[in-house]
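**Q** Next comes input_18.csv, CSV, C-alpha atoms:
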chain,number,residue,atom,x,y,z
D,9,ALA,CA,33.8,-63.0,-53.6
D,10,THR,CA,37.4,-62.4,-54.7
D,11,PRO,CA,38.7,-60.9,-51.4
D,12,GLU,CA,37.1,-63.7,-49.4
D,13,SER,CA,38.7,-66.2,-51.7
D,14,ASP,CA,42.1,-64.5,-51.3
D,15,LEU,CA,41.7,-64.5,-47.5
D,16,ALA,CA,40.9,-68.2,-47.5
D,17,GLN,CA,44.0,-68.9,-49.5
D,18,ASN,CA,46.1,-66.9,-47.1
D,19,ARG,CA,44.7,-68.8,-44.1
D,20,GLN,CA,45.5,-72.1,-45.9
D,21,SER,CA,49.1,-71.0,-46.7
D,22,GLU,CA,49.6,-70.0,-43.1
D,23,ARG,CA,48.3,-73.2,-41.6
D,24,ASP,CA,50.8,-75.8,-40.6
D,25,GLY,CA,49.5,-79.1,-41.8
D,26,GLY,CA,45.9,-80.1,-42.5
D,27,ASN,CA,42.8,-79.9,-40.4
D,28,ILE,CA,39.9,-82.2,-39.6
D,29,GLU,CA,37.2,-80.2,-41.4
D,30,ASP,CA,39.1,-80.1,-44.7
D,31,ALA,CA,40.1,-83.8,-44.4
D,32,ILE,CA,36.5,-84.9,-43.9
D,33,ALA,CA,35.3,-82.6,-46.7
D,34,GLY,CA,37.9,-84.1,-49.1
D,35,ASN,CA,39.6,-80.8,-49.6
D,36,ILE,CA,43.1,-82.1,-49.0
D,37,GLU,CA,45.0,-84.0,-51.6
D,38,VAL,CA,47.7,-86.4,-50.3
D,39,GLY,CA,50.0,-88.2,-52.8
D,40,MET,CA,50.8,-91.5,-51.1
D,41,LEU,CA,53.8,-92.3,-53.4
D,42,GLN,CA,55.0,-88.7,-53.2
D,43,THR,CA,54.9,-88.9,-49.4
D,44,LEU,CA,56.8,-92.1,-49.4
D,45,GLY,CA,59.5,-90.3,-51.5
D,46,GLU,CA,59.5,-87.4,-49.1
D,47,SER,CA,59.9,-89.7,-46.1
D,48,TRP,CA,62.7,-91.6,-47.7
D,49,ARG,CA,64.6,-88.3,-48.4
D,50,ASP,CA,63.9,-87.2,-44.8
D,51,LEU,CA,65.0,-90.5,-43.2
D,52,LYS,CA,68.4,-89.3,-42.0
D,53,GLY,CA,68.4,-88.8,-38.2
D,54,PHE,CA,65.2,-90.7,-37.7
D,55,LYS,CA,66.2,-94.4,-38.2
D,56,LEU,CA,68.0,-95.0,-35.0
D,57,LYS,CA,65.5,-93.3,-32.7
D,58,CYS,CA,62.6,-95.1,-34.5
D,59,HIS,CA,64.3,-98.4,-34.0
D,60,ILE,CA,65.0,-97.8,-30.3
D,61,ALA,CA,61.3,-96.8,-29.8
D,62,THR,CA,60.1,-99.8,-31.8
D,63,VAL,CA,62.2,-102.2,-29.7
D,64,LEU,CA,60.9,-100.6,-26.5
D,65,TRP,CA,57.3,-101.1,-27.7
D,66,PHE,CA,58.0,-104.7,-28.9
D,67,VAL,CA,59.4,-105.7,-25.4
D,68,VAL,CA,56.4,-104.3,-23.7
D,69,TYR,CA,54.1,-106.0,-26.3
D,70,ILE,CA,55.7,-109.4,-25.7
D,71,VAL,CA,55.3,-109.0,-21.9
D,72,ALA,CA,51.7,-108.1,-22.5
D,73,ALA,CA,51.2,-111.0,-24.8
D,74,LEU,CA,52.6,-113.4,-22.3
D,75,ILE,CA,50.7,-112.1,-19.3
D,76,SER,CA,48.0,-114.8,-19.9
D,77,ILE,CA,50.4,-117.5,-18.8
D,78,PRO,CA,50.6,-116.5,-15.1
D,79,VAL,CA,46.9,-115.8,-15.2
D,80,VAL,CA,46.1,-119.3,-16.3
D,81,ILE,CA,48.5,-120.8,-13.8
D,82,GLY,CA,47.0,-118.7,-11.0
D,83,LEU,CA,43.4,-119.5,-11.9
D,84,SER,CA,44.2,-123.2,-12.3
D,85,ALA,CA,45.8,-123.2,-8.8
D,86,ALA,CA,42.7,-121.5,-7.5
D,87,GLY,CA,40.6,-124.4,-8.8
D,88,ALA,CA,39.0,-122.8,-11.9
D,89,ASP,CA,38.2,-125.1,-14.8
D,90,GLU,CA,40.4,-124.9,-17.9
D,91,ASP,CA,37.8,-123.3,-20.2
D,92,SER,CA,37.0,-120.5,-17.8
D,93,ALA,CA,40.7,-119.9,-17.1
D,94,ALA,CA,41.4,-119.8,-20.8
D,95,ILE,CA,38.6,-117.3,-21.5
D,96,ILE,CA,39.6,-115.0,-18.6
D,97,ALA,CA,43.3,-115.2,-19.6
D,98,SER,CA,42.4,-114.3,-23.2
D,99,LEU,CA,40.5,-111.3,-22.1
D,100,VAL,CA,43.3,-110.2,-19.8
D,101,GLN,CA,45.8,-110.6,-22.7
D,102,LEU,CA,43.6,-108.5,-25.1
D,103,VAL,CA,43.4,-105.7,-22.5
D,104,ALA,CA,47.2,-105.9,-21.9
D,105,ILE,CA,47.9,-105.7,-25.7
D,106,ALA,CA,45.5,-102.8,-26.1
D,107,ALA,CA,47.3,-101.0,-23.3
D,108,THR,CA,50.5,-101.0,-25.4
D,109,MET,CA,48.8,-99.1,-28.3
D,110,PRO,CA,49.6,-95.6,-27.0
D,111,MET,CA,53.3,-96.5,-27.5
D,112,ILE,CA,52.6,-96.8,-31.2
D,113,VAL,CA,51.1,-93.3,-31.3
D,114,GLY,CA,54.3,-92.2,-29.6
D,115,ILE,CA,56.3,-93.4,-32.7
D,116,THR,CA,53.8,-91.5,-34.9
D,117,ILE,CA,54.4,-88.3,-32.9
D,118,MET,CA,58.1,-88.9,-33.3
D,119,GLY,CA,57.7,-89.0,-37.0
D,120,ILE,CA,55.6,-85.8,-37.1
D,121,ARG,CA,58.1,-83.9,-35.0
D,122,HIS,CA,61.0,-85.2,-37.1
D,123,ALA,CA,59.3,-84.1,-40.3
D,124,GLN,CA,58.7,-80.7,-38.9
D,125,GLY,CA,62.3,-80.3,-37.8
D,126,LYS,CA,61.7,-80.7,-34.1
D,127,THR,CA,63.8,-82.6,-31.6
D,128,VAL,CA,62.9,-86.3,-31.4
D,129,SER,CA,63.4,-88.6,-28.5
D,130,ALA,CA,62.7,-92.4,-28.4
D,131,GLY,CA,61.3,-91.9,-24.9
D,132,THR,CA,58.2,-90.4,-26.5
D,133,VAL,CA,56.8,-93.9,-26.7
D,134,PHE,CA,56.2,-93.7,-22.9
D,135,SER,CA,54.5,-90.3,-23.1
D,136,TYR,CA,50.9,-91.5,-23.5
D,137,PHE,CA,50.4,-94.2,-21.0
D,138,HIS,CA,47.7,-92.0,-19.3
D,139,ARG,CA,45.5,-92.7,-22.3
D,140,ILE,CA,45.5,-96.5,-21.7
D,141,PRO,CA,41.8,-96.6,-20.6
D,142,GLY,CA,40.8,-94.8,-23.8
D,143,ALA,CA,43.0,-97.0,-25.9
D,144,ILE,CA,41.4,-100.1,-24.5
D,145,LEU,CA,37.9,-98.7,-25.2
D,146,TRP,CA,39.1,-97.8,-28.7
D,147,TYR,CA,40.4,-101.3,-29.3
D,148,VAL,CA,37.1,-102.9,-28.2
D,149,LEU,CA,34.9,-100.6,-30.2
D,150,MET,CA,37.1,-100.8,-33.4
D,151,THR,CA,37.2,-104.6,-33.1
D,152,LEU,CA,33.4,-104.9,-32.6
D,153,MET,CA,32.7,-102.6,-35.5
D,154,ILE,CA,35.0,-104.4,-37.9
D,155,MET,CA,33.7,-107.8,-36.8
D,156,LEU,CA,30.2,-106.6,-37.4
D,157,GLY,CA,31.2,-105.3,-40.8
D,158,TYR,CA,32.6,-108.7,-41.8
D,159,ILE,CA,29.4,-110.4,-40.6
D,160,LEU,CA,27.5,-108.0,-42.9
D,161,LEU,CA,28.6,-109.4,-46.2
D,162,ILE,CA,32.4,-108.9,-45.6
D,163,ILE,CA,32.7,-105.7,-47.7
D,164,PRO,CA,31.8,-103.3,-44.9
D,165,GLY,CA,34.4,-105.1,-42.7
D,166,ILE,CA,37.1,-104.6,-45.4
D,167,TYR,CA,36.0,-100.9,-45.7
D,168,LEU,CA,36.3,-100.3,-41.9
D,169,THR,CA,39.6,-102.2,-41.5
D,170,PHE,CA,41.3,-99.5,-43.6
D,171,ALA,CA,39.0,-96.6,-42.8
D,172,TYR,CA,40.0,-96.6,-39.1
D,173,MET,CA,43.7,-96.4,-39.9
D,174,PHE,CA,44.1,-92.9,-38.3
D,175,SER,CA,41.7,-93.4,-35.4
D,176,LEU,CA,44.2,-94.2,-32.7
D,177,PRO,CA,46.6,-91.2,-33.2
D,178,LEU,CA,43.5,-89.0,-33.7
D,179,MET,CA,42.1,-90.1,-30.3
D,180,ILE,CA,45.4,-89.5,-28.5
D,181,GLU,CA,46.9,-86.5,-30.4
D,182,LYS,CA,43.6,-84.6,-30.8
D,183,ASP,CA,42.3,-85.7,-27.3
D,184,MET,CA,39.2,-87.2,-28.8
D,185,THR,CA,36.9,-89.9,-27.4
D,186,ALA,CA,37.3,-93.4,-28.9
D,187,TRP,CA,34.1,-93.1,-30.9
D,188,GLN,CA,34.9,-89.6,-32.2
D,189,ALA,CA,38.3,-90.7,-33.4
D,190,LEU,CA,36.9,-93.7,-35.2
D,191,GLU,CA,34.3,-91.6,-36.9
D,192,VAL,CA,36.7,-88.8,-37.9
D,193,SER,CA,39.1,-91.3,-39.3
D,194,ARG,CA,36.4,-93.2,-41.2
D,195,LYS,CA,34.9,-90.0,-42.7
D,196,ALA,CA,38.3,-88.6,-43.8
D,197,VAL,CA,39.7,-91.9,-45.1
D,198,THR,CA,36.5,-92.5,-47.1
D,199,ARG,CA,37.5,-89.6,-49.3
D,200,ILE,CA,40.8,-91.2,-50.1
D,201,TRP,CA,40.0,-94.9,-49.3
D,202,PHE,CA,41.6,-96.5,-52.4
D,203,ARG,CA,44.8,-94.5,-52.1
D,204,ALA,CA,45.0,-95.1,-48.3
D,205,THR,CA,44.3,-98.8,-48.7
D,206,GLY,CA,46.9,-99.0,-51.4
D,207,PHE,CA,49.4,-97.3,-49.1
D,208,LEU,CA,48.8,-99.8,-46.3
D,209,LEU,CA,49.0,-102.7,-48.6
D,210,LEU,CA,52.2,-101.4,-50.0
D,211,VAL,CA,53.6,-101.1,-46.5
D,212,VAL,CA,52.7,-104.7,-45.7
D,213,LEU,CA,54.3,-105.8,-49.0
D,214,LEU,CA,57.5,-103.9,-48.1
D,215,MET,CA,57.6,-105.4,-44.7
D,216,ILE,CA,57.2,-108.9,-46.1
D,217,LEU,CA,59.9,-108.3,-48.7
D,218,GLY,CA,62.1,-106.8,-46.0
D,219,THR,CA,62.1,-110.0,-44.0
D,220,ILE,CA,63.4,-112.2,-46.8
D,221,PRO,CA,67.1,-111.4,-46.9
D,222,LEU,CA,67.7,-112.0,-43.2
D,223,GLY,CA,65.5,-109.0,-42.3
D,224,ILE,CA,68.3,-106.5,-43.1
D,225,PRO,CA,66.1,-104.2,-45.3
D,226,LEU,CA,63.8,-103.7,-42.3
D,227,ILE,CA,66.5,-101.4,-40.9
D,228,TRP,CA,65.3,-98.9,-43.5
D,229,VAL,CA,61.7,-100.1,-44.2
D,230,VAL,CA,60.4,-99.8,-40.6
D,231,PRO,CA,61.4,-96.2,-40.0
D,232,TRP,CA,60.7,-95.2,-43.7
D,233,THR,CA,57.1,-96.4,-43.6
D,234,ALA,CA,56.5,-95.2,-40.0
D,235,LEU,CA,57.7,-91.7,-41.1
D,236,ALA,CA,55.5,-91.8,-44.2
D,237,TYR,CA,52.4,-92.7,-42.1
D,238,SER,CA,53.2,-89.8,-39.7
D,239,MET,CA,53.6,-87.4,-42.7
D,240,ILE,CA,50.3,-88.5,-44.2
D,241,TYR,CA,48.5,-88.0,-40.8
D,242,PHE,CA,50.1,-84.5,-40.5
D,243,LYS,CA,49.0,-83.6,-44.1
D,244,LEU,CA,45.5,-84.6,-43.4
D,245,PHE,CA,44.9,-83.5,-39.8
D,246,GLY,CA,47.8,-81.3,-38.8
D,247,ALA,CA,49.2,-81.4,-35.3
D,248,GLU,CA,48.3,-79.8,-32.0
D,249,ALA,CA,50.5,-77.2,-30.4
D,250,GLN,CA,51.6,-79.5,-27.6
D,251,THR,CA,52.7,-82.1,-30.2
D,252,LEU,CA,55.2,-79.8,-31.8
D,253,ALA,CA,56.2,-77.9,-28.6
D,254,ASP,CA,59.9,-78.1,-27.5
Turn this file's structure into structure tokens for me.
**A**
Amino acid sequence: ATPESDLAQNRQSERDGGNIEDAIAGNIEVGMLQTLGESWRDLKGFKLKCHIATVLWFVVYIVAALISIPVVIGLSAAGADEDSAAIIASLVQLVAIAATMPMIVGITIMGIRHAQGKTVSAGTVFSYFHRIPGAILWYVLMTLMIMLGYILLIIPGIYLTFAYMFSLPLMIEKDMTAWQALEVSRKAVTRIWFRATGFLLLVVLLMILGTIPLGIPLIWVVPWTALAYSMIYFKLFGAEAQTLAD
């Protein structure tokens, strides 16, 4: 048994980042506060590119959020009643917003590459638009499952809200289906649910506090927490060769 154990340890030491099997099995320990410290120390050279990418995403998001306005005007001009026009416009808006989700994964990929010493470009946010159909399906499935969880005595909904935290990057970075990504994220996060939930709540708190003094602290908080999320993802699931390729 000893040689097999040594071989397993060697494979673990040679592997770059985590892997799905160990993450699901609970064999990977991730210190959330420790990772926040690591991301803070590694923030140099990432802030500006992260902010540029975030602004690019925000502009696209605003355009997507406002797309319902011309839809309502057009439907009203075509003679549709107000309720029908509002419902259709809301659905169009949801689809448009979901279509911007791959840009967020682009920021996560930027964080992974930066942490691994690879070149980083803000243009990465535009690299995953071909996954928009999958992102829309992911958004619909995730929303339905979380809503169902809240209907079922609330606690399952709270559980799923945090358990799905890595599902989107898993779907795009690992080239999974929407359902596979949701399930892998759920199973892996279940092993560290309280720590992962604490991390997300801490991020929300930092964002809120960062907005108080004219939003100036967000210059550091946004890239800091984005990089920490990327690092946690990498520690749990690793990264594909194409993600780290130059």
**Q** I'd like the contact shell of stretch 145-153 of chain D - 8 Å cut-off, all atoms listed in the file, skipping same-chain residues fewer than 5 positions apart - returned as a list in words.
**A**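 Listed by chain and then number, they are Ala106, Gly165, Leu168, Tyr172, Leu176, Ala186, Trp187 and Leu190 of chain D.
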**Q** Could you tell me how far atom CA of D:Leu252 sits from atom CA of D:Arg121, in Å to one decimal place?
**A** 6.0 Å
**Q** D:Leu178, D:Val192, D:Met111, D:Leu214: which is nearest D:Glu29, counting only C-alpha atoms?
**A**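 Comparing D:Leu178, D:Val192, D:Met111, D:Leu214 against D:Glu29, the winner is D:Val192.
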**Q** Using all atoms listed in the file, find the one residue out of D:Ala88, D:Ile75, D:Met118, D:Ala171 that sits nearest to D:Arg203.
**A**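 Using all atoms listed in the file, D:Arg203 sits closest to D:Ala171.
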**Q** Point out the residue among D:Val212, D:Ala189, D:Ala73, D:Cys58 with the least atom-to-atom distance to D:Thr116, counting all atoms listed in the file.
**A**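 Of D:Val212, D:Ala189, D:Ala73, D:Cys58, the one nearest D:Thr116, counting all atoms listed in the file, is D:Cys58.
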**Q** Between atom CA of D:Leu226 and atom CA of D:Phe202, what is the distance in Å, rounded to a tenth?
**A**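 One can read the atom CA of D:Leu226 to atom CA of D:Phe202 distance as 25.4 Å.
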**Q** For stretch 217-219 of chain D, list every protein, DNA or RNA residue within 12 Å, evaluated using all atoms listed in the file, and leave out those in the same chain fewer than 5 positions away; present the list as a ChimeraX atom specification.
**A** /D:210-212,224-230,232-233
**Q** Please determine the residues with any atom at most 7 Å from (45.0, -97.9, -45.8) (coordinates as given in the file, with all atoms listed in the file counting) and report them as a list in words.
**A**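 Collected hits near the coordinates: Phe170, Ala171, Met173, Trp201, Ala204, Thr205, Gly206, Phe207, Leu208 and Leu209 of chain D.
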**Q** Between D:Leu156, D:Leu83, D:Ala104, D:Ile115, single out the one closest to D:Ala143, counting all atoms listed in the file.
**A**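 Checking each of D:Leu156, D:Leu83, D:Ala104, D:Ile115 against D:Ala143, counting all atoms listed in the file, the winner is D:Ala104.
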**Q** Which neighbours of D:Glu37 fall inside 10 Å, counting only C-alpha atoms, when residues of the same chain fewer than 6 positions from it are skipped, and could you give them as a list in words?
**A**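 Near D:Glu37, the qualifying residues are Gly26, Asp30, Ala31, Arg199, Ile200, Lys243 and Leu244 of chain D.
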**Q** So which one's closest to D:Trp65, D:Val197, D:Ala234, D:Ile163, D:Val113? Using all atoms listed in the file, please.
**A**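 So, comparing all the options, the nearest one is D:Val113.
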**Q** In Å, with one decimal, what is the gap from atom CA of D:Val103 to atom CA of D:Ser238?
**A**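 Result for atom CA of D:Val103 versus atom CA of D:Ser238: 25.4 Å, one decimal.
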**Q** Nearest to D:Ile95 among D:Val80, D:Leu161, D:Ile36, D:Ala107, with distances taken over all atoms listed in the file: which residue is it?
**A**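 Ranking D:Val80, D:Leu161, D:Ile36, D:Ala107 by distance to D:Ile95, first place goes to D:Val80.
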**Q** Fewer than 2 positions away in the same chain doesn't count, so skip those; otherwise give me all residues within 9 Å of D:Phe54, counting all atoms listed in the file, as JSON, numbers by chain.
**A** {"D": [50, 51, 52, 56, 57, 58, 59, 118, 119, 122, 128, 231, 232, 235]}
**Q** Using the partial input, fill out stretch 98-116 of chain D with N, CA and C atoms; write the result as a JSON list (two decimals), in the frame of the given file.
**A**
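Result file out26.json:
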[["chain", "number", "residue", "atom", "x", "y", "z"],
["D", 98, "SER", "N", 42.49, -114.94, -21.89],
["D", 98, "SER", "CA", 42.40, -114.30, -23.20],
["D", 98, "SER", "C", 41.98, -112.86, -23.12],
["D", 99, "LEU", "N", 40.98, -112.61, -22.28],
["D", 99, "LEU", "CA", 40.50, -111.30, -22.10],
["D", 99, "LEU", "C", 41.56, -110.36, -21.46],
["D", 100, "VAL", "N", 42.25, -110.91, -20.49],
["D", 100, "VAL", "CA", 43.30, -110.20, -19.80],
["D", 100, "VAL", "C", 44.43, -109.84, -20.86],
["D", 101, "GLN", "N", 44.73, -110.81, -21.70],
["D", 101, "GLN", "CA", 45.80, -110.60, -22.70],
["D", 101, "GLN", "C", 45.36, -109.53, -23.71],
["D", 102, "LEU", "N", 44.10, -109.53, -24.14],
["D", 102, "LEU", "CA", 43.60, -108.50, -25.10],
["D", 102, "LEU", "C", 43.72, -107.12, -24.47],
["D", 103, "VAL", "N", 43.32, -107.01, -23.21],
["D", 103, "VAL", "CA", 43.40, -105.70, -22.50],
["D", 103, "VAL", "C", 44.85, -105.26, -22.41],
["D", 104, "ALA", "N", 45.74, -106.20, -22.07],
["D", 104, "ALA", "CA", 47.20, -105.90, -21.90],
["D", 104, "ALA", "C", 47.76, -105.41, -23.24],
["D", 105, "ILE", "N", 47.41, -106.10, -24.34],
["D", 105, "ILE", "CA", 47.90, -105.70, -25.70],
["D", 105, "ILE", "C", 47.39, -104.35, -26.06],
["D", 106, "ALA", "N", 46.09, -104.11, -25.81],
["D", 106, "ALA", "CA", 45.50, -102.80, -26.10],
["D", 106, "ALA", "C", 46.19, -101.69, -25.36],
["D", 107, "ALA", "N", 46.64, -102.02, -24.15],
["D", 107, "ALA", "CA", 47.30, -101.00, -23.30],
["D", 107, "ALA", "C", 48.64, -100.57, -23.89],
["D", 108, "THR", "N", 49.21, -101.36, -24.82],
["D", 108, "THR", "CA", 50.50, -101.00, -25.40],
["D", 108, "THR", "C", 50.29, -100.06, -26.65],
["D", 109, "MET", "N", 49.04, -99.90, -27.08],
["D", 109, "MET", "CA", 48.80, -99.10, -28.30],
["D", 109, "MET", "C", 49.23, -97.66, -28.21],
["D", 110, "PRO", "N", 49.11, -96.98, -27.05],
["D", 110, "PRO", "CA", 49.60, -95.60, -27.00],
["D", 110, "PRO", "C", 51.09, -95.47, -27.33],
["D", 111, "MET", "N", 51.85, -96.54, -27.15],
["D", 111, "MET", "CA", 53.30, -96.50, -27.50],
["D", 111, "MET", "C", 53.45, -96.34, -29.01],
["D", 112, "ILE", "N", 52.56, -96.95, -29.78],
["D", 112, "ILE", "CA", 52.60, -96.80, -31.20],
["D", 112, "ILE", "C", 52.36, -95.39, -31.65],
["D", 113, "VAL", "N", 51.40, -94.75, -30.97],
["D", 113, "VAL", "CA", 51.10, -93.30, -31.30],
["D", 113, "VAL", "C", 52.37, -92.49, -30.95],
["D", 114, "GLY", "N", 53.11, -92.89, -29.91],
["D", 114, "GLY", "CA", 54.30, -92.20, -29.60],
["D", 114, "GLY", "C", 55.31, -92.19, -30.78],
["D", 115, "ILE", "N", 55.39, -93.30, -31.49],
["D", 115, "ILE", "CA", 56.30, -93.40, -32.70],
["D", 115, "ILE", "C", 55.73, -92.48, -33.78],
["D", 116, "THR", "N", 54.40, -92.43, -33.93],
["D", 116, "THR", "CA", 53.80, -91.50, -34.90],
["D", 116, "THR", "C", 54.12, -90.08, -34.59]]
